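Novice: Could you have a look at this structure, given as structure tokens, before my questions?
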Amino acid sequence: MKRRLHSGFVLAGLILATVALGQKPDQGTQLRTVHGIVVDKDENGIASAIVYLEDLSSKTIKSHISDSGGHFTYSGLNPNVDYELHAEHGDMTSSTHRISSFDTRREVNIELKIDRKKPAK
């Protein structure tokens, strides 16, 4: 009887250890953050520029407005997803920058230079 009880405890311990080791680490520590600045052709920060971030897997688009120095931040991004981002201000736009899921950096810094006219619709 004691042997059977002992075997049961050992088996339960092994199952708990296997489950604990098989769980994913806390995703909060794995999420990606993108910091950046929106600048004009003379490298001056542009306040109130609209910065668009597109999740290329779900096709959802988020937008933020740059602060008084032209800075913006997107946090809580899934590192297993590709993103594209660009900025617009008035009738001008920046080129589009891609952030790849193969890029292992958790903190990404990007400069978005608004230096071209938006394409006509």
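Every chain in the structure tokens has a letter given in the order shown (A, B, ...), and although residue numbers restart at 1 in each chain, ligands are simply numbered from 1 in the order shown.
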Give me the residues near Ser94 of chain A as a PyMOL selection string, where near means some atom within 8 Å (using only C-alpha atoms) and where sequence neighbours in that chain fewer than 6 positions away do not count.
Specialist: chain A and resi 86-88+112-116
Novice: Suppose you want the space between atom CA of Asp55 of chain A and atom CA of Thr104 of chain A; what is it in Å?
Specialist: 16.9 Å
Novice: So which residues touch Val34 of chain A within 7 Å, counting only C-alpha atoms, skipping near sequence neighbours fewer than 6 positions away, as a count of residues only?
Specialist: 6
Novice: Can you list, as a VMD selection string, every protein, DNA or RNA residue that comes within 8 Å of Ser101 of chain A when you count only C-alpha atoms, leaving out same-chain residues fewer than 4 positions away?
Specialist: chain A and resid 79 to 82
Novice: Between A:Ile50, A:Leu31, A:Arg106, A:Thr96, which one has atoms that come closest to Asp67 of chain A, using only C-alpha atoms?
Specialist: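 The answer is A:Ile50, which sits nearest to Asp67 of chain A.
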